[in-house]
$ cat coords-v6.csv   # CSV, C-alpha atoms
chain,number,residue,atom,x,y,z
A,28,MET,CA,117.8,165.6,198.2
A,29,LYS,CA,120.4,162.8,198.2
A,30,ILE,CA,121.2,161.0,195.0
A,31,VAL,CA,123.6,158.1,194.6
A,32,ALA,CA,125.2,157.2,191.2
A,33,VAL,CA,126.2,153.6,191.3
A,34,CYS,CA,128.7,151.5,189.3
A,35,GLY,CA,130.6,148.4,190.0
A,36,MET,CA,133.9,150.0,191.0
A,37,GLY,CA,133.1,153.6,192.0
A,38,ILE,CA,135.8,155.2,189.9
A,39,GLY,CA,134.6,155.2,186.3
A,40,THR,CA,131.0,155.1,185.2
A,41,SER,CA,129.5,156.3,188.4
A,42,VAL,CA,131.8,159.4,188.3
A,43,LEU,CA,130.7,160.2,184.8
A,44,LEU,CA,127.1,159.6,185.7
A,45,LYS,CA,127.5,161.9,188.7
A,46,MET,CA,129.0,164.7,186.6
A,47,ASN,CA,126.2,164.5,184.0
A,48,ALA,CA,123.5,164.3,186.7
A,49,GLU,CA,124.9,167.4,188.4
A,50,LYS,CA,124.8,169.3,185.1
A,51,VAL,CA,121.1,168.3,184.7
A,52,LEU,CA,120.2,169.1,188.3
A,53,ALA,CA,121.8,172.6,188.0
A,54,LYS,CA,119.8,173.3,184.9
A,55,LEU,CA,116.6,172.1,186.5
A,56,GLY,CA,117.4,174.2,189.6
A,57,ILE,CA,117.2,171.2,191.9
A,58,ASP,CA,119.3,171.3,195.0
A,59,ALA,CA,120.8,167.8,195.4
A,60,ASP,CA,123.8,166.1,196.7
A,61,VAL,CA,125.1,163.5,194.2
A,62,GLU,CA,127.5,160.8,195.5
A,63,ALA,CA,129.4,158.3,193.3
A,64,ALA,CA,129.6,154.9,194.8
A,65,ASP,CA,130.6,151.3,194.1
A,66,MET,CA,128.1,148.5,194.6
A,67,GLY,CA,129.1,147.7,198.2
A,68,VAL,CA,128.9,151.4,199.4
A,69,ALA,CA,125.8,151.9,197.3
A,70,ARG,CA,123.8,149.2,199.1
A,71,GLY,CA,124.4,151.2,202.3
A,72,ALA,CA,124.0,154.7,200.8
A,73,ALA,CA,120.8,153.7,198.9
A,74,GLN,CA,119.1,153.2,202.3
A,75,THR,CA,119.2,156.9,203.0
A,76,ALA,CA,119.1,158.3,199.4
A,77,GLU,CA,115.9,159.3,197.6
A,78,ILE,CA,117.2,158.4,194.2
A,79,VAL,CA,119.7,155.9,192.8
A,80,LEU,CA,121.0,156.3,189.3
A,81,THR,CA,122.6,153.3,187.6
A,82,SER,CA,122.6,151.0,184.6
A,83,GLU,CA,120.2,148.2,183.9
A,84,GLU,CA,122.7,145.4,184.7
A,85,LEU,CA,123.6,147.0,188.0
A,86,ALA,CA,120.1,147.7,189.0
A,87,GLU,CA,119.4,144.0,189.0
A,88,GLU,CA,122.5,143.4,191.1
A,89,LEU,CA,121.6,146.1,193.5
A,90,GLY,CA,118.3,144.5,194.3
A,91,ASP,CA,115.6,146.0,196.4
A,92,VAL,CA,116.4,149.4,198.1
A,93,PRO,CA,114.0,152.0,199.6
A,94,ALA,CA,115.3,154.6,197.1
A,95,GLU,CA,113.7,155.1,193.7
A,96,VAL,CA,116.0,153.4,191.2
A,97,ILE,CA,116.4,155.2,187.9
A,98,ILE,CA,118.0,153.2,185.0
A,99,ILE,CA,120.1,155.3,182.6
A,100,LYS,CA,120.9,153.7,179.2
A,101,ASN,CA,123.1,156.3,177.7
A,102,PHE,CA,125.2,158.0,180.4
A,103,PHE,CA,126.0,160.9,178.0
A,104,ASP,CA,122.4,161.6,176.9
A,105,LEU,CA,121.6,164.6,179.0
A,106,GLU,CA,118.1,164.6,177.6
A,107,GLU,CA,117.5,161.0,178.9
A,108,ILE,CA,118.9,162.0,182.3
A,109,THR,CA,116.8,165.2,182.4
A,110,GLU,CA,113.6,163.4,181.4
A,111,LYS,CA,114.0,160.6,184.0
A,112,LEU,CA,115.2,162.8,186.8
A,113,THR,CA,112.3,165.3,186.2
A,114,ALA,CA,109.8,162.4,186.3
A,115,ALA,CA,111.3,161.1,189.5
A,116,VAL,CA,111.4,164.4,191.3
A,117,GLU,CA,107.8,165.3,190.5
B,3,MET,CA,142.5,176.0,177.1
B,4,ALA,CA,140.5,173.2,178.7
B,5,PHE,CA,142.4,170.0,179.7
B,6,ASN,CA,143.4,168.1,176.6
B,7,LEU,CA,142.4,164.5,177.0
B,8,ALA,CA,145.3,163.5,174.7
B,9,GLU,CA,147.7,164.4,177.5
B,10,ALA,CA,146.2,161.7,179.7
B,11,LEU,CA,146.3,159.0,177.0
B,12,SER,CA,149.2,156.6,177.6
B,13,SER,CA,148.4,154.8,174.4
B,14,ILE,CA,146.2,155.1,171.3
B,15,GLN,CA,145.4,152.2,168.9
B,16,THR,CA,143.1,152.8,165.9
B,17,GLN,CA,141.1,150.3,163.8
B,18,ALA,CA,142.4,147.4,165.9
B,19,ASP,CA,141.2,143.8,165.5
B,20,ALA,CA,139.4,142.1,168.5
B,21,SER,CA,137.6,138.8,168.2
B,22,ASP,CA,135.4,139.3,171.3
B,23,TRP,CA,134.9,141.6,174.3
B,24,ARG,CA,137.7,140.0,176.3
B,25,ASP,CA,140.1,140.6,173.4
B,26,ALA,CA,138.9,144.2,173.1
B,27,ILE,CA,139.6,144.8,176.9
B,28,ARG,CA,143.0,143.1,176.5
B,29,LEU,CA,143.9,145.7,173.8
B,30,ALA,CA,142.9,148.5,176.2
B,31,GLY,CA,144.8,146.8,179.0
B,32,ALA,CA,147.9,146.4,176.9
B,33,GLY,CA,147.8,150.1,176.1
B,34,LEU,CA,147.8,150.9,179.8
B,35,VAL,CA,150.7,148.5,180.4
B,36,SER,CA,152.8,149.9,177.5
B,37,GLY,CA,152.3,153.4,178.8
B,38,GLY,CA,153.5,152.4,182.3
B,39,ALA,CA,150.1,153.1,183.9
B,40,THR,CA,149.4,149.5,185.1
B,41,THR,CA,150.8,146.0,185.3
B,42,ALA,CA,149.3,143.2,183.2
B,43,ALA,CA,147.4,142.0,186.3
B,44,TYR,CA,145.1,145.1,185.9
B,45,THR,CA,144.0,143.8,182.5
B,46,ASP,CA,142.6,140.6,184.1
B,47,GLU,CA,141.0,142.7,186.8
B,48,MET,CA,139.1,144.7,184.1
B,49,ILE,CA,137.9,141.5,182.6
B,50,ASP,CA,136.9,140.1,186.0
B,51,ALA,CA,134.9,143.3,186.6
B,52,VAL,CA,132.7,142.6,183.6
B,53,GLU,CA,132.4,138.9,184.5
B,54,LYS,CA,131.2,139.9,188.0
B,55,HIS,CA,129.0,142.9,187.3
B,56,GLY,CA,128.0,142.4,183.6
B,57,PRO,CA,128.6,144.5,180.6
B,58,TYR,CA,127.5,147.8,182.3
B,59,ILE,CA,130.8,149.4,181.2
B,60,VAL,CA,129.3,150.0,177.8
B,61,ILE,CA,128.1,153.4,179.0
B,62,ALA,CA,126.9,154.9,175.7
B,63,PRO,CA,126.1,153.5,172.3
B,64,GLY,CA,129.3,152.0,170.9
B,65,ILE,CA,131.5,153.1,173.8
B,66,ALA,CA,133.0,150.8,176.6
B,67,LEU,CA,134.8,152.3,179.5
B,68,ALA,CA,137.0,149.3,180.7
B,69,HIS,CA,138.2,149.7,184.2
B,70,SER,CA,138.6,148.1,187.6
B,71,ARG,CA,139.2,149.6,191.1
B,72,PRO,CA,142.4,151.1,192.5
B,73,SER,CA,144.7,148.1,193.2
B,74,PRO,CA,148.5,147.3,193.5
B,75,ALA,CA,148.3,146.6,189.7
B,76,VAL,CA,147.8,150.4,189.2
B,77,LEU,CA,151.2,152.0,189.0
B,78,THR,CA,150.5,155.6,188.0
B,79,GLY,CA,146.9,155.4,186.6
B,80,GLY,CA,146.0,156.6,183.1
B,81,LEU,CA,143.8,156.1,180.1
B,82,SER,CA,144.2,154.1,176.9
B,83,TRP,CA,142.2,154.5,173.7
B,84,VAL,CA,141.3,151.7,171.3
B,85,SER,CA,139.1,152.0,168.2
B,86,LEU,CA,138.0,148.7,166.6
B,87,ALA,CA,138.0,147.9,162.9
B,88,THR,CA,135.0,145.6,163.4
B,89,PRO,CA,132.4,146.3,166.2
B,90,VAL,CA,132.3,143.8,169.1
B,91,GLU,CA,129.3,142.6,171.1
B,92,PHE,CA,129.7,143.0,174.9
B,93,GLY,CA,126.2,141.8,175.7
B,94,ASN,CA,124.9,145.2,176.6
B,95,LYS,CA,121.2,145.5,175.7
B,96,ALA,CA,121.1,149.2,175.1
B,97,ASN,CA,124.5,150.1,173.7
B,98,ASP,CA,126.0,147.2,171.8
B,99,PRO,CA,128.0,146.8,169.5
B,100,VAL,CA,131.2,148.5,170.7
B,101,THR,CA,133.6,150.4,168.5
B,102,VAL,CA,135.6,152.4,171.0
B,103,VAL,CA,137.2,150.9,174.2
B,104,ILE,CA,138.7,153.3,176.7
B,105,GLY,CA,140.9,151.7,179.4
B,106,LEU,CA,140.8,153.6,182.7
B,107,ALA,CA,143.1,153.0,185.7
B,108,ALA,CA,143.1,155.3,188.8
B,109,VAL,CA,145.2,155.2,191.9
B,110,ASP,CA,142.4,156.5,194.1
B,111,HIS,CA,138.8,157.8,193.9
B,112,ASP,CA,139.7,161.5,193.5
B,113,ALA,CA,143.0,161.8,191.5
B,114,HIS,CA,141.5,161.4,188.1
B,115,LEU,CA,138.5,163.8,188.3
B,116,GLN,CA,140.0,166.4,185.9
B,117,VAL,CA,140.6,163.6,183.4
B,118,MET,CA,137.1,162.2,183.8
B,119,ARG,CA,135.6,165.7,183.3
B,120,ALA,CA,137.5,166.0,180.0
B,121,LEU,CA,136.5,162.4,179.0
B,122,ALA,CA,132.8,163.2,179.8
B,123,GLY,CA,133.1,166.3,177.5
B,124,VAL,CA,134.6,164.3,174.6
B,125,LEU,CA,132.2,161.3,174.9
B,126,SER,CA,129.1,163.5,175.0
B,127,ASP,CA,130.2,165.3,171.7
B,128,GLY,CA,128.5,163.2,169.0
B,129,PRO,CA,130.2,164.7,165.9
B,130,ALA,CA,133.6,164.6,167.6
B,131,MET,CA,133.1,160.9,168.6
B,132,GLU,CA,132.2,160.1,165.0
B,133,ARG,CA,135.6,161.6,163.9
B,134,LEU,CA,137.4,159.7,166.7
B,135,ARG,CA,135.7,156.4,165.8
B,136,THR,CA,136.8,156.6,162.2
B,137,ALA,CA,140.3,158.0,162.8
B,138,THR,CA,143.0,155.8,161.3
B,139,SER,CA,146.0,157.0,163.2
B,140,SER,CA,146.9,158.0,166.8
B,141,ASP,CA,148.0,161.4,165.3
B,142,GLU,CA,144.5,161.9,164.0
B,143,VAL,CA,142.9,161.0,167.4
B,144,ARG,CA,145.3,163.5,169.1
B,145,ALA,CA,144.5,166.2,166.6
B,146,VAL,CA,140.7,165.8,167.2
B,147,LEU,CA,141.2,165.8,171.0
B,148,GLY,CA,143.4,168.9,170.8
B,149,GLU,CA,140.8,170.8,168.8
B,150,LEU,CA,138.1,169.9,171.3
B,151,ALA,CA,140.3,171.1,174.2
B,152,ALA,CA,140.9,174.4,172.3
B,153,ALA,CA,137.2,174.8,171.5
B,154,ALA,CA,136.2,174.2,175.2
B,155,ALA,CA,138.5,177.0,176.3
$ encode --input "coords-v6.csv" --output "structure tokens"
Amino acid sequence: MKIVAVCGMGIGTSVLLKMNAEKVLAKLGIDADVEAADMGVARGAAQTAEIVLTSEELAEELGDVPAEVIIIKNFFDLEEITEKLTAAVE
Amino acid sequence: MAFNLAEALSSIQTQADASDWRDAIRLAGAGLVSGGATTAAYTDEMIDAVEKHGPYIVIAPGIALAHSRPSPAVLTGGLSWVSLATPVEFGNKANDPVTVVIGLAAVDHDAHLQVMRALAGVLSDGPAMERLRTATSSDEVRAVLGELAAAAA
């Protein structure tokens, strides 16, 4: 499974989101490749990914993509990430 | 011992006064500049990033990660820490108001991963963040970060 963590710049928030998503995926036993990307790269990557992780503001900016877009409010709330990823994978 | 985030901090300000979110980012930017991590132009780039993409840098309740992309304004890269005496609104629906602003500058997309891992560990530790939020000196911030690194060993 391919997952893209998106932020505006690709160096800060998306990297943190990727790290926490990987922790959650490992716990859930889901084999997935998580990529951190900025908005420009993400528009391309989101065409081939199954899931996009991002914040509410950026989801609006990203617009329509074929991937399922999951909005994370608190990037450090592993329970929120677990809940939303589990729901998306099922 | 795990990587101590204090070693990556080029500047720490506690209980600073900021009138609005731009002012708060300017404090974090000034910290990067004083530590030699960036030039002043990077501070404007961090503000531009929020103007362009919105207040998504408020990544958890009360915490803003101010940053822009690698650019000529980034000299060595680094982190700055600012806690605010009075919380400031960034316009983020889920996570306002902000009490801690962390300035981040990176020279490329890979160099700072060890720092980011340490930062993720600190920011996800609620009790530690409460102590960091209320700390009144840079020594106190460094002491808490040092304890966290030792505990994560």
$ interface_residues --input "coords-v6.csv" --of "chain A" --to "chain B" --cutoff "6 Å" --atoms "all atoms listed in the file" --output "ChimeraX atom specification"
/A:36,38,84,101-103
$ closest_residue --input "coords-v6.csv" --among "A:Asp91, A:Lys50, A:Lys111, A:Val33" --to "Ala72 (chain A)" --atoms "all atoms listed in the file"
A:Val33
$ closest_atom_pairs --input "coords-v6.csv" --of "region 24-100 of chain B" --to "region 138-147 of chain B" --cutoff "12 Å" --atoms "all atoms listed in the file" --output "JSON lines"
{"residue": "B:Ser82", "atom": "CA", "partner": "B:Ser140", "partner_atom": "CA", "distance": 11.2}
{"residue": "B:Trp83", "atom": "CA", "partner": "B:Ser140", "partner_atom": "CA", "distance": 9.1}
{"residue": "B:Val84", "atom": "CA", "partner": "B:Ser140", "partner_atom": "CA", "distance": 9.6}
{"residue": "B:Ser85", "atom": "CA", "partner": "B:Thr138", "partner_atom": "CA", "distance": 8.8}
{"residue": "B:Leu86", "atom": "CA", "partner": "B:Thr138", "partner_atom": "CA", "distance": 10.2}
{"residue": "B:Ala87", "atom": "CA", "partner": "B:Thr138", "partner_atom": "CA", "distance": 9.5}
$ write_last_selection --input "coords-v6.csv" --atoms "C-alpha atoms" --output "PDB file, keeping the file's coordinate frame"
ATOM      1  CA  SER B  82     144.200 154.100 176.900  1.00  0.00           C
ATOM      2  CA  TRP B  83     142.200 154.500 173.700  1.00  0.00           C
ATOM      3  CA  VAL B  84     141.300 151.700 171.300  1.00  0.00           C
ATOM      4  CA  SER B  85     139.100 152.000 168.200  1.00  0.00           C
ATOM      5  CA  LEU B  86     138.000 148.700 166.600  1.00  0.00           C
ATOM      6  CA  ALA B  87     138.000 147.900 162.900  1.00  0.00           C
TER       7      ALA B  87
END
$ closest_residue --input "coords-v6.csv" --among "A:Leu105, A:Leu44, A:Ala94, A:Ala32" --to "Gln74 (chain A)" --atoms "all atoms listed in the file"
A:Ala94
$ atom_distance --input "coords-v6.csv" --atom1 "CA of Thr16 (chain B)" --atom2 "CA of Ala153 (chain B)"
23.5 Å
$ residues_around --input "coords-v6.csv" --residues "Gly90 (chain A)" --least-positions-apart "4" --cutoff "9 Å" --atoms "all atoms listed in the file" --output "ChimeraX atom specification"
/A:70,85-86
$ atom_distance --input "coords-v6.csv" --atom1 "CA of Leu7 (chain B)" --atom2 "CA of Ala151 (chain B)"
7.5 Å
$ closest_residue --input "coords-v6.csv" --among "B:Asp50, B:Asp98, B:Glu149, B:Glu132" --to "Arg24 (chain B)" --atoms "all atoms listed in the file"
B:Asp50
